[in-house]
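Coordinates from data-v2.csv are shown below (CSV, C-alpha atoms).
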```
chain,number,residue,atom,x,y,z
A,1,MET,CA,-1.3,63.9,182.9
A,2,ALA,CA,1.5,66.4,182.1
A,3,ALA,CA,-0.9,68.9,180.4
A,4,ARG,CA,-2.8,69.3,183.7
A,5,LYS,CA,0.1,71.2,185.2
A,6,LEU,CA,-0.4,73.9,182.6
A,7,PRO,CA,-2.5,77.0,183.3
A,8,LEU,CA,-5.9,77.0,181.8
A,9,PHE,CA,-5.3,79.2,178.8
A,10,PRO,CA,-2.2,77.4,177.4
A,11,ARG,CA,-4.2,74.2,177.8
A,12,PHE,CA,-7.1,75.7,175.9
A,13,SER,CA,-4.8,77.1,173.2
A,14,GLY,CA,-3.1,73.8,172.7
A,15,LEU,CA,-6.5,72.0,172.3
A,16,VAL,CA,-7.7,74.5,169.7
A,17,LEU,CA,-4.5,74.5,167.8
A,18,ARG,CA,-4.3,70.7,167.7
A,19,PHE,CA,-7.9,70.6,166.4
A,20,GLY,CA,-7.0,73.1,163.7
A,21,ALA,CA,-3.8,71.3,162.8
A,22,GLY,CA,-5.8,68.0,162.6
A,23,CYS,CA,-8.1,69.6,160.0
A,24,LEU,CA,-5.3,70.9,157.8
A,25,THR,CA,-2.3,68.7,158.1
A,26,ARG,CA,-0.5,65.9,159.9
A,27,VAL,CA,2.3,66.6,162.3
A,28,LYS,CA,4.8,63.8,163.2
A,29,ARG,CA,6.5,64.2,166.6
A,30,GLU,CA,9.9,62.7,167.3
A,31,GLY,CA,12.2,62.9,170.3
A,32,PHE,CA,9.6,64.4,172.7
A,33,GLU,CA,10.8,61.8,175.3
A,34,ASN,CA,14.0,63.9,175.6
A,35,ILE,CA,12.1,66.9,177.2
A,36,PRO,CA,12.5,67.1,181.0
A,37,GLU,CA,9.6,67.8,183.3
A,38,THR,CA,11.7,70.1,185.6
A,39,GLY,CA,14.6,72.5,185.6
A,40,PRO,CA,15.7,75.1,183.1
A,41,VAL,CA,15.4,74.3,179.4
A,42,LEU,CA,16.6,76.4,176.5
A,43,PHE,CA,14.9,75.3,173.2
A,44,ILE,CA,16.6,76.5,170.1
A,45,CYS,CA,14.5,76.0,167.0
A,46,SER,CA,14.8,76.4,163.2
A,47,HIS,CA,12.4,79.1,161.9
A,48,CYS,CA,11.0,79.1,158.4
A,49,SER,CA,7.2,79.4,158.8
A,50,ASN,CA,4.4,81.3,160.4
A,51,ALA,CA,3.4,77.9,161.9
A,52,ASP,CA,6.5,77.2,164.0
A,53,GLY,CA,5.4,78.9,167.2
A,54,LEU,CA,1.9,77.5,166.9
A,55,LEU,CA,3.3,74.0,166.6
A,56,PHE,CA,5.1,74.6,169.9
A,57,MET,CA,1.9,75.7,171.5
A,58,ALA,CA,-0.1,72.8,170.0
A,59,TYR,CA,2.2,69.9,170.7
A,60,LEU,CA,5.5,70.5,172.6
A,61,ILE,CA,4.2,72.7,175.5
A,62,PRO,CA,1.2,70.3,176.3
A,63,SER,CA,3.6,67.4,176.1
A,64,MET,CA,6.1,69.1,178.5
A,65,GLY,CA,3.3,70.2,180.8
A,66,ARG,CA,5.0,73.5,181.6
A,67,LYS,CA,4.3,77.1,180.6
A,68,MET,CA,6.8,78.3,178.1
A,69,VAL,CA,8.4,81.8,178.0
A,70,TRP,CA,9.1,83.4,174.6
A,71,LEU,CA,10.7,86.7,173.7
A,72,GLY,CA,8.6,88.7,171.1
A,73,LYS,CA,8.1,92.1,169.7
A,74,GLU,CA,6.5,94.4,172.2
A,75,GLU,CA,4.2,95.9,169.5
A,76,ALA,CA,2.8,92.5,168.8
A,77,THR,CA,1.7,92.1,172.4
A,78,ARG,CA,-0.4,95.3,171.9
A,79,TRP,CA,-2.5,93.9,169.1
A,80,PRO,CA,-6.2,93.5,170.1
A,81,VAL,CA,-7.1,90.0,171.3
A,82,VAL,CA,-4.1,88.4,169.6
A,83,GLY,CA,-1.7,90.3,171.8
A,84,TRP,CA,-3.5,89.2,174.9
A,85,ALA,CA,-3.5,85.6,173.8
A,86,MET,CA,0.2,85.8,173.1
A,87,MET,CA,1.0,87.1,176.6
A,88,ALA,CA,-1.3,84.5,178.1
A,89,ASN,CA,0.8,81.9,176.3
A,90,GLY,CA,4.0,83.2,177.8
A,91,VAL,CA,5.2,85.8,175.2
A,92,VAL,CA,7.1,88.7,176.8
A,93,GLY,CA,7.4,91.8,174.7
A,94,ILE,CA,10.8,93.4,174.0
A,95,ARG,CA,11.0,96.9,172.7
A,96,ARG,CA,12.7,97.2,169.3
A,97,GLY,CA,16.1,98.9,169.7
A,98,ALA,CA,15.7,98.7,173.5
A,99,GLY,CA,18.9,96.8,173.5
A,100,ASP,CA,19.9,93.2,173.4
A,101,LEU,CA,20.9,93.6,177.0
A,102,GLU,CA,17.3,94.0,178.1
A,103,ALA,CA,16.3,90.8,176.3
A,104,PHE,CA,19.4,89.0,177.5
A,105,LYS,CA,18.7,89.8,181.2
A,106,LEU,CA,15.1,88.8,180.9
A,107,ALA,CA,16.0,85.5,179.1
A,108,LYS,CA,18.7,84.6,181.6
A,109,SER,CA,16.4,85.3,184.5
A,110,VAL,CA,13.9,82.8,183.1
A,111,LEU,CA,16.6,80.1,182.9
A,112,ASP,CA,18.1,81.0,186.3
A,113,GLY,CA,14.6,80.6,187.7
A,114,GLY,CA,14.4,77.0,186.4
A,115,ARG,CA,11.9,77.7,183.7
A,116,PRO,CA,11.8,76.7,179.9
A,117,LEU,CA,12.5,79.3,177.3
A,118,THR,CA,12.3,79.1,173.5
A,119,ILE,CA,14.5,81.1,171.1
A,120,PHE,CA,14.6,81.2,167.3
A,121,PRO,CA,18.3,82.0,166.9
A,122,GLU,CA,18.0,83.1,163.3
A,123,GLY,CA,15.9,86.0,164.5
A,124,THR,CA,13.5,85.9,161.5
A,125,ARG,CA,11.8,83.3,159.3
A,126,SER,CA,13.8,81.9,156.5
A,127,PRO,CA,12.1,82.6,153.1
A,128,SER,CA,13.6,79.4,151.6
A,129,GLY,CA,13.1,77.0,154.5
A,130,ALA,CA,16.9,76.5,154.9
A,131,LEU,CA,18.8,77.7,158.0
A,132,GLN,CA,20.1,81.2,158.0
A,133,SER,CA,23.0,82.6,160.0
A,134,ALA,CA,22.1,82.7,163.7
A,135,LYS,CA,22.4,85.7,165.9
A,136,GLU,CA,25.1,85.4,168.5
A,137,GLY,CA,22.9,86.5,171.4
A,138,ALA,CA,21.4,83.0,171.7
A,139,THR,CA,25.0,81.6,171.9
A,140,VAL,CA,26.0,84.0,174.7
A,141,LEU,CA,22.8,83.1,176.6
A,142,ALA,CA,23.5,79.4,176.3
A,143,ILE,CA,27.0,79.7,177.5
A,144,ARG,CA,26.4,82.1,180.4
A,145,SER,CA,23.3,80.4,181.7
A,146,GLY,CA,24.8,77.0,181.6
A,147,ALA,CA,21.3,75.7,180.9
A,148,PRO,CA,20.8,72.4,178.9
A,149,VAL,CA,20.1,73.3,175.3
A,150,TYR,CA,17.5,71.3,173.4
A,151,PRO,CA,17.7,71.6,169.6
A,152,VAL,CA,14.4,71.5,167.8
A,153,ALA,CA,13.9,71.1,164.0
A,154,ILE,CA,10.6,71.7,162.3
A,155,ILE,CA,10.6,70.0,158.9
A,156,GLY,CA,8.4,71.0,156.0
A,157,SER,CA,6.6,73.9,157.7
A,158,GLN,CA,7.8,76.2,154.9
A,159,ARG,CA,5.6,74.3,152.5
A,160,PHE,CA,2.7,74.5,154.8
A,161,TRP,CA,2.8,78.2,155.7
A,162,GLY,CA,5.9,79.9,154.4
A,163,LYS,CA,7.1,83.4,155.0
A,164,GLY,CA,5.0,85.9,153.0
A,165,LYS,CA,2.0,83.6,152.6
A,166,LEU,CA,-1.2,84.9,153.9
A,167,LEU,CA,-2.8,81.5,154.6
A,168,PRO,CA,-1.5,78.0,155.2
A,169,ARG,CA,-1.7,75.3,152.5
A,170,PRO,CA,-3.6,72.3,153.7
A,171,GLY,CA,-2.2,68.8,153.2
A,172,ARG,CA,1.5,69.7,153.6
A,173,ARG,CA,2.8,67.4,156.3
A,174,MET,CA,5.3,68.5,159.0
A,175,THR,CA,7.6,66.9,161.5
A,176,MET,CA,8.7,68.3,164.9
A,177,ARG,CA,12.0,66.7,165.9
A,178,VAL,CA,13.6,67.3,169.4
A,179,GLY,CA,17.3,66.3,169.7
A,180,GLU,CA,19.2,65.3,172.7
A,181,PRO,CA,20.4,68.0,175.1
A,182,PHE,CA,23.8,69.5,175.2
A,183,THR,CA,25.6,72.3,177.1
A,184,LEU,CA,27.6,75.0,175.2
A,185,THR,CA,31.0,76.3,176.2
A,186,MET,CA,33.2,78.9,174.6
A,187,PRO,CA,36.0,77.3,172.5
A,188,LYS,CA,39.6,78.0,173.5
A,189,GLY,CA,42.5,79.1,171.4
A,190,ALA,CA,41.3,82.1,169.5
A,191,ASP,CA,40.1,85.7,170.0
A,192,ARG,CA,36.7,86.2,171.5
A,193,HIS,CA,35.0,87.0,168.3
A,194,GLU,CA,36.2,83.9,166.5
A,195,SER,CA,35.4,81.7,169.6
A,196,LEU,CA,31.9,83.1,169.7
A,197,ARG,CA,31.4,82.5,166.0
A,198,LEU,CA,32.5,78.9,166.3
A,199,ALA,CA,30.3,78.3,169.4
A,200,THR,CA,27.4,79.6,167.3
A,201,VAL,CA,28.2,77.2,164.6
A,202,GLU,CA,28.5,74.3,167.0
A,203,MET,CA,25.1,75.2,168.5
A,204,MET,CA,23.4,75.4,165.2
A,205,LYS,CA,24.9,72.2,163.9
A,206,HIS,CA,22.8,70.4,166.5
A,207,VAL,CA,19.7,71.8,164.9
A,208,ALA,CA,21.1,71.2,161.3
A,209,ASP,CA,21.7,67.6,162.1
A,210,LEU,CA,18.0,67.1,162.8
A,211,LEU,CA,17.0,68.6,159.4
A,212,PRO,CA,17.0,67.1,156.0
A,213,PRO,CA,20.0,68.3,153.8
A,214,GLU,CA,17.9,70.8,151.9
A,215,GLN,CA,17.0,72.6,155.1
A,216,ARG,CA,20.4,72.8,156.6
A,217,GLY,CA,21.4,75.9,154.7
A,218,VAL,CA,24.5,77.7,155.9
A,219,TYR,CA,25.1,75.0,158.5
A,220,GLY,CA,25.0,72.2,156.0
A,221,GLU,CA,28.8,72.1,155.5
A,222,THR,CA,31.4,70.8,157.9
A,223,VAL,CA,33.1,73.6,159.8
A,224,VAL,CA,36.7,73.1,160.9
A,225,PRO,CA,37.0,73.6,164.7
A,226,ILE,CA,39.6,75.7,166.3
A,227,ASP,CA,42.9,74.0,167.2
A,228,PRO,CA,43.0,74.2,171.0
A,229,ALA,CA,46.8,74.4,170.9
```
Please express what this file holds, its structure, as C-alpha cells.
Amino acid sequence: MAARKLPLFPRFSGLVLRFGAGCLTRVKREGFENIPETGPVLFICSHCSNADGLLFMAYLIPSMGRKMVWLGKEEATRWPVVGWAMMANGVVGIRRGAGDLEAFKLAKSVLDGGRPLTIFPEGTRSPSGALQSAKEGATVLAIRSGAPVYPVAIIGSQRFWGKGKLLPRPGRRMTMRVGEPFTLTMPKGADRHESLRLATVEMMKHVADLLPPEQRGVYGETVVPIDPA
C-alpha cells in the first residue's frame, strides 16, 4: 500500500531494480519497521559500493512510500538518460565548489519541509568497505535541523560491487539494516571544533554499531566523550 503514494517513476525504478537484484543477489532487510510514514527523516548511510543508492531505490524508498531527496553532483544530472532518471528519483545536483553553504541550505529546506533526505556522510565510497572519516557538514545539518536521524548500514555491498569495479559480482549477498532514530546535539564543555568532532563521532557510531566489526573502520574503537564539567 505504501508504494502507491510514490510518483510513477520512483515506483517503476524500484520495480526494475528489485527485479535486477533478484537475478543477481539476495538482499536481507532489517529494521524497516523503524521508518516513519510522515515527517522529516535524515538517513545517514555507510557508503562502500556503487550499489548503495540503488538499494535505497529498490527497497527502502518503496517500503517508506515517500519520494526521497538526495544531494548529488550537478554534472551527473546532465548525463543523457541517466541524469534524467536520477532527477526523477529525487537527486538534486550541487555544483562542485559551489560551496557547502548551498548544499546545506537545500538540505535543511528539505527537512524543514517535512520530507526525507539521504546523506552519505563519508562523501565518497570506501575502497575497503570499512567506514571512513565523515564530513562534518552532515553533523551540522543533523544538529541545526533537529530532524530525527536514522542510521542505515549496508553490509557486504563492497563484495557485490565495490569501488573501481565496472560490473557487479553476482551471488554476493547483502543486508540493509535500519537502526532506531536519534537526535543529535552539540556536546558541551569544549571548543566548537572539538564539540563538532565528537558529535560527528557520536553520529557515525550509530551507523558503526549496525555493521560487522570488519566494516566499522575508523569508528570501530570506543571514543572517550567530553567531560561536561
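Using only C-alpha atoms, the protein and nucleic acid residues lying no more than 10 Å from Ala199 (chain A), apart from those fewer than 3 places from it along its own chain, are Glu136, Thr139, Val140, Ala142, Ile143, Leu184, Thr185, Met186, Pro187, His193, Glu194, Ser195, Leu196, Glu202, Met203, Met204, Lys205 and Pro225 of chain A.
Proximity of A:Gly162, A:Leu15, A:Gly93, A:Phe43 to Pro127 (chain A), computed with all atoms listed in the file, is greatest for A:Gly162.
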Nearest residue to Gly20 (chain A) out of A:Val110, A:Pro170, A:Gly83, A:Ser46, using only C-alpha atoms? A:Pro170
Looking at A:Arg18, A:Leu198, A:Ala51, A:Lys5, which one is nearest to Arg172 (chain A), with distances taken over all atoms listed in the file?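 Looking only at the distances to Arg172 (chain A), the closest residue turns out to be A:Ala51.
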Students should find that CA of Lys135 (chain A) and CA of Ser157 (chain A) are spaced 21.4 Å
Go through A:Pro80, A:Gly22, A:Gly14, A:Pro40 and flag the residue nearest Ser63 (chain A), using only C-alpha atoms for the distances.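 Closest candidate: A:Gly14.
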Can you tell me, as number ranges by chain, what residues are no more than 9 Å from Ser13 (chain A) when counting all atoms listed in the file, ignoring any on the same chain fewer than 4 positions away? A: 8-9, 17-18, 57-58, 85, 89
Distance CA of Gly129 (chain A)-CA of Ala21 (chain A), one decimal place? 19.7 Å
Could you check which residues have any atom within 12 Å of (18.3, 69.5, 153.5), counting all atoms listed in the file with coordinates taken straight from the file, and then list them as number ranges by chain? A: 128-131, 153-156, 207-221
I'd like the neighbourhood of Lys73 (chain A) as a VMD selection string, where a residue qualifies if any of its atoms comes within 12 Å (using all atoms listed in the file), though same-chain residues fewer than 5 positions away should be ignored. chain A and resid 78 to 79 83 86 to 87 91 to 98 103 123 to 124
Point-to-point distance in Å for CA of Gly189 (chain A) and CA of Phe120 (chain A):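 Answer for the CA of Phe120 (chain A) to CA of Gly189 (chain A) separation: 28.3 Å.
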Considering all atoms listed in the file, can you say which of A:Phe19, A:Phe160, A:Phe56, A:Phe12 comes closest to Trp70 (chain A)? A:Phe56
